[in-house]
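A.B. asks: This structure is in structure tokens; I'll ask about it shortly.
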2 protein chains.
Amino acid sequence: MGITDRKEREKQELTELILKEARAVFLEEGFEKTSIRKIADRIEYSPTTIYLYFKDKNELLLGLHQEAFTHLFAALSSVGSVPDAFDRLVALGRSYIEYGLKNPEEYDLMFMLSAPMDALDCRHEVWCDGERAIDLVKSMVDDCKAHQYFPPEINTHSMAIMLWSTVHGLVSLHLKNRFAMFKDQMDIEKMIHNSFTLYVELLKKFKS
Amino acid sequence: MGITDRKEREKQELTELILKEARAVFLEEGFEKTSIRKIADRIEYSPTTIYLYFKDKNELLLGLHQEAFTHLFAALSSVGSVPDAFDRLVALGRSYIEYGLKNPEEYDLMFMLSAPMDALDCRHEVWCDGERAIDLVKSMVDDCKAHQYFPPEINTHSMAIMLWSTVHGLVSLHLKNRFAMFKDQMDIEKMIHNSFTLYVELLKKFKS
DNA sequence: TGACAAACTTAACACTGTTATTTATATTTG
DNA sequence: CAAATATAAATAACAGTGTTAAGTTTGTCA
């Protein structure tokens, strides 16, 4: 049956067209201003058609959420070439921060907005991308333990969560303008960089 | 002129009534569901009256934002009685996390939502509460330096930002459900606690 | 060609923040 | 005291939101 195949293909194509235009609006204008009607206008279909392809707005944003993770993992992949375990972990942190600062809306979607998590929740699914990400950090922490950068008795999971929290804290406080009070006295991106560098110095002391 | 006095008083009273009901709705239902019309219903005035007292919804939320800081500072004040400088800093971190977990909507308002910062921005004002909060951390970092817990050459500001970022990261990732993938394997509040404890162990190594 | 099913649209519901206009009230002035 | 004025509040409306029930068009198959 070539017809069902074509229909399947057309459905796939429209799904991707919706995601494409949704992504364009989202990256330019953010979550709030990404309305179903605006996407509908751009794809030249009625707003209700979108509901035939996505359960609701949260589900649609979950699609973008997954795309964003592909994008993030690609940005982080370059650190694999760093030979030393500790340097690799540091490079991961720096790349993560850099990604967050350069892709504010995607970062918002991945780690701050409720919408995609709500969608996952009512699907009764676990957050695979999150698991993958933290597993990456955990494997790097284990590498650091194996090379005596961190003491063997520390809990890998706790360490990974702590590392993630620090870089997320730096990025998210900045993206939500909570460093605004410093903007006249210093360059905030530099400040974030300095804080991360200090954090790295601190982590180096964990060796002994 | 007793009349202008009374009018002033009445205006003050209605301002506070609006804030009171806004706070009640906000704490129960969060930012999204705190609508002008819902507040208007509760205070038994028309929605437009609220605009005679607050420029817009952001400005109204800025009022709640400032209230929340008073609440936070009160919650943190108890750590002042901890005698040792390092223990005091640790107690501050623990209290901060505890406050965030127990007051999710207020925490959201203070450190995650854009609305209050947008309001401050168009008022061309600096974020005083934020400055006060970071100054508190900085003074504690200086105390730690004075008592040889931290090396004297470290930058106090960078250190304070790093400390804040870590605890904010832990709280905010949890509040935005980004630890959800662990919820079947462990108690997440305990996990946050464990990560913070590990962070404290790390900070202790900064001494030498 | 007619029956059927899938795809899509129209119209509507129940909301949202916000503003221009109008009405009612209270105060001041002649 | 009555008229003019200033103030406070309300009504109606604009332009938008996510979402759904009902109706229409389109394409496929017997």
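Scheme for the structure tokens: letters A, B, ... for chains in order shown; per-chain residue numbers from 1; ligand numbers from 1 in order shown.
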Please check the contacts: residues of chain A at most 12 Å away from chain D, using only C-alpha atoms (C1' of nucleotides), listed as a CSV table (one decimal) with C-alpha atoms, in the first residue's frame.

C.D. replies:
chain,number,residue,atom,x,y,z
A,3,ILE,CA,-1.0,5.4,-0.2
A,4,THR,CA,-0.8,4.7,3.5
A,7,LYS,CA,0.0,9.6,4.2
A,32,GLU,CA,5.2,33.3,26.2
A,33,LYS,CA,5.0,34.7,22.7
A,34,THR,CA,5.0,31.3,21.0
A,35,SER,CA,1.3,31.0,20.4
A,36,ILE,CA,-0.5,28.3,18.6
A,37,ARG,CA,-2.2,30.9,16.4
A,38,LYS,CA,1.2,32.4,15.5
A,47,PRO,CA,-4.8,26.7,14.7
A,48,THR,CA,-6.9,23.6,15.4
A,49,THR,CA,-4.9,21.5,12.9
A,50,ILE,CA,-1.9,21.7,15.3
A,51,TYR,CA,-4.0,19.9,17.9
A,52,LEU,CA,-4.3,17.0,15.4
A,55,LYS,CA,-2.0,17.1,22.2
A,56,ASP,CA,-1.4,20.6,23.5
A,57,LYS,CA,1.1,23.4,23.7
A,58,ASN,CA,3.2,21.6,26.4

A.B. asks: Report as a PyMOL selection string all protein, DNA and RNA residues lying within 9 Å of stretch 155-166 of chain A, evaluated on only C-alpha atoms (C1' of nucleotides), omitting residues in the same chain fewer than 2 positions from it.

C.D. replies: (chain A and resi 93+134-135+137-142+145+152-153+168-171+196+199) or (chain B and resi 162-173+191-192+194-199)

A.B. asks: Just checking: using only C-alpha atoms, which residue out of A:Arg132, A:Lys11, A:Arg88, A:Arg178 ends up closest to B:Asp118?

C.D. replies: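 Smallest distance to B:Asp118 is found for A:Arg178.
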
A.B. asks: Please, which residues of chain C lie no more than 10 Å from chain B when the count uses only C-alpha atoms (C1' of nucleotides), and can they be set out as an MDAnalysis selection string?

C.D. replies: chainID C and resid 15:19 27

A.B. asks: Take the selection from the previous step and output its residues with N, CA and C atoms (P, O5', C5', C4', C3', O3' and C1' of nucleotides), as an mmCIF file, in the first residue's frame.

C.D. replies:
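Saved file result07.cif follows:
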data_model
loop_
_atom_site.group_PDB
_atom_site.id
_atom_site.type_symbol
_atom_site.label_atom_id
_atom_site.label_comp_id
_atom_site.auth_asym_id
_atom_site.auth_seq_id
_atom_site.Cartn_x
_atom_site.Cartn_y
_atom_site.Cartn_z
ATOM 1 P P DC C 15 -13.888 30.652 33.146
ATOM 2 O "O5'" DC C 15 -12.454 31.327 33.354
ATOM 3 C "C5'" DC C 15 -12.154 32.577 32.705
ATOM 4 C "C4'" DC C 15 -10.847 32.452 31.970
ATOM 5 C "C3'" DC C 15 -9.957 33.664 32.124
ATOM 6 O "O3'" DC C 15 -9.201 33.541 33.318
ATOM 7 C "C1'" DC C 15 -10.016 32.971 29.855
ATOM 8 P P DT C 16 -8.788 34.876 34.106
ATOM 9 O "O5'" DT C 16 -7.650 35.497 33.166
ATOM 10 C "C5'" DT C 16 -6.431 34.766 32.945
ATOM 11 C "C4'" DT C 16 -5.583 35.536 31.950
ATOM 12 C "C3'" DT C 16 -5.423 37.003 32.253
ATOM 13 O "O3'" DT C 16 -4.408 37.162 33.220
ATOM 14 C "C1'" DT C 16 -5.880 36.704 29.941
ATOM 15 P P DG C 17 -4.375 38.540 34.077
ATOM 16 O "O5'" DG C 17 -3.755 39.586 33.049
ATOM 17 C "C5'" DG C 17 -2.435 39.389 32.546
ATOM 18 C "C4'" DG C 17 -2.098 40.500 31.563
ATOM 19 C "C3'" DG C 17 -2.042 41.893 32.180
ATOM 20 O "O3'" DG C 17 -0.973 42.631 31.598
ATOM 21 C "C1'" DG C 17 -3.721 41.832 30.500
ATOM 22 P P DT C 18 -0.631 44.079 32.187
ATOM 23 O "O5'" DT C 18 -1.619 45.026 31.378
ATOM 24 C "C5'" DT C 18 -1.527 45.066 29.952
ATOM 25 C "C4'" DT C 18 -2.630 45.939 29.394
ATOM 26 C "C3'" DT C 18 -2.781 47.305 30.053
ATOM 27 O "O3'" DT C 18 -2.270 48.285 29.145
ATOM 28 C "C1'" DT C 18 -4.883 46.316 29.504
ATOM 29 P P DT C 19 -2.219 49.817 29.579
ATOM 30 O "O5'" DT C 19 -3.511 50.407 28.858
ATOM 31 C "C5'" DT C 19 -3.732 50.151 27.475
ATOM 32 C "C4'" DT C 19 -5.027 50.813 27.035
ATOM 33 C "C3'" DT C 19 -5.241 52.223 27.563
ATOM 34 O "O3'" DT C 19 -5.736 53.024 26.494
ATOM 35 C "C1'" DT C 19 -7.111 50.895 28.097
ATOM 36 P P DT C 27 -15.148 63.515 51.276
ATOM 37 O "O5'" DT C 27 -14.630 64.909 50.706
ATOM 38 C "C5'" DT C 27 -13.506 64.936 49.828
ATOM 39 C "C4'" DT C 27 -13.475 66.232 49.046
ATOM 40 C "C3'" DT C 27 -13.430 67.498 49.907
ATOM 41 O "O3'" DT C 27 -12.183 68.151 49.675
ATOM 42 C "C1'" DT C 27 -14.902 67.737 48.058
#

A.B. asks: Running DSSP on the backbone, which parts of stretch 2-208 of chain B land in helix (DSSP H, G or I), as a ChimeraX atom specification?

C.D. replies: /B:2-33,36-43,47-50,57-81,85-102,104-111,115-122,128-146,156-175,180-182,188-204

A.B. asks: When distances are computed from only C-alpha atoms, which of B:Val126, B:Ala74, B:Leu62, B:Ala133 shows the smallest separation from chain A?

C.D. replies: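 Looking at the shortest contact to chain A, the residue is B:Val126.
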
A.B. asks: So that I can see what lies close to A:Arg23, please list as a PyMOL selection string the residues with an atom at most 10 Å from it, counting only C-alpha atoms (C1' of nucleotides) and leaving out residues fewer than 2 positions away in the same chain.

C.D. replies: chain A and resi 17-21+25-30+34+39+60-61+63-65+67-68+106

A.B. asks: Identify which of the residues A:Leu109, A:Ala146, A:Leu92, A:Met117 lies closest to chain B, counting only C-alpha atoms when measuring atom-to-atom distances.

C.D. replies: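 Closest residue, counting only C-alpha atoms: A:Met117.
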
A.B. asks: Can you work out the spacing between atom CA of A:Glu105 and atom CA of A:Phe31 in Å, to one decimal?

C.D. replies: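 The value is 7.8 Å.
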
A.B. asks: Quick one: residues within 10 Å of B:Leu72, only C-alpha atoms (C1' of nucleotides) counted, chain neighbours fewer than 5 positions away excluded, as a PyMOL selection string?

C.D. replies: chain B and resi 66-67+77+95-96+99-100+103+106-107+110+133

A.B. asks: Would you mind exporting N, CA and C atoms of the selected residues as a compact mmCIF listing (two decimals), in the first residue's frame?

C.D. replies:
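Written out: out_36.txt:
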# COMPACT_ATOMS: atom_id res chain seq x y z
N GLN B 66 9.10 42.08 46.98
CA GLN B 66 9.77 42.74 48.10
C GLN B 66 9.34 42.14 49.43
N GLU B 67 8.05 41.82 49.55
CA GLU B 67 7.55 41.13 50.74
C GLU B 67 8.26 39.81 50.97
N SER B 77 17.85 35.01 59.30
CA SER B 77 18.41 35.79 60.40
C SER B 77 18.92 34.91 61.56
N SER B 95 19.83 27.02 55.44
CA SER B 95 18.58 27.78 55.66
C SER B 95 18.00 28.26 54.33
N TYR B 96 18.90 28.68 53.46
CA TYR B 96 18.48 29.14 52.14
C TYR B 96 17.77 28.02 51.38
N TYR B 99 14.45 27.21 52.99
CA TYR B 99 13.46 28.23 52.64
C TYR B 99 12.91 28.00 51.24
N GLY B 100 13.80 27.75 50.30
CA GLY B 100 13.40 27.53 48.92
C GLY B 100 12.46 26.34 48.76
N ASN B 103 9.03 27.16 50.43
CA ASN B 103 8.28 28.29 49.87
C ASN B 103 8.50 28.40 48.36
N GLU B 106 7.23 31.65 46.43
CA GLU B 106 8.01 32.84 46.79
C GLU B 106 9.41 32.76 46.19
N TYR B 107 9.96 31.55 46.24
CA TYR B 107 11.31 31.38 45.67
C TYR B 107 11.30 31.67 44.17
N MET B 110 11.18 35.36 43.67
CA MET B 110 12.41 36.06 44.03
C MET B 110 13.54 35.83 43.04
N ALA B 133 21.25 40.76 49.78
CA ALA B 133 21.44 39.32 49.97
C ALA B 133 22.88 38.91 49.66
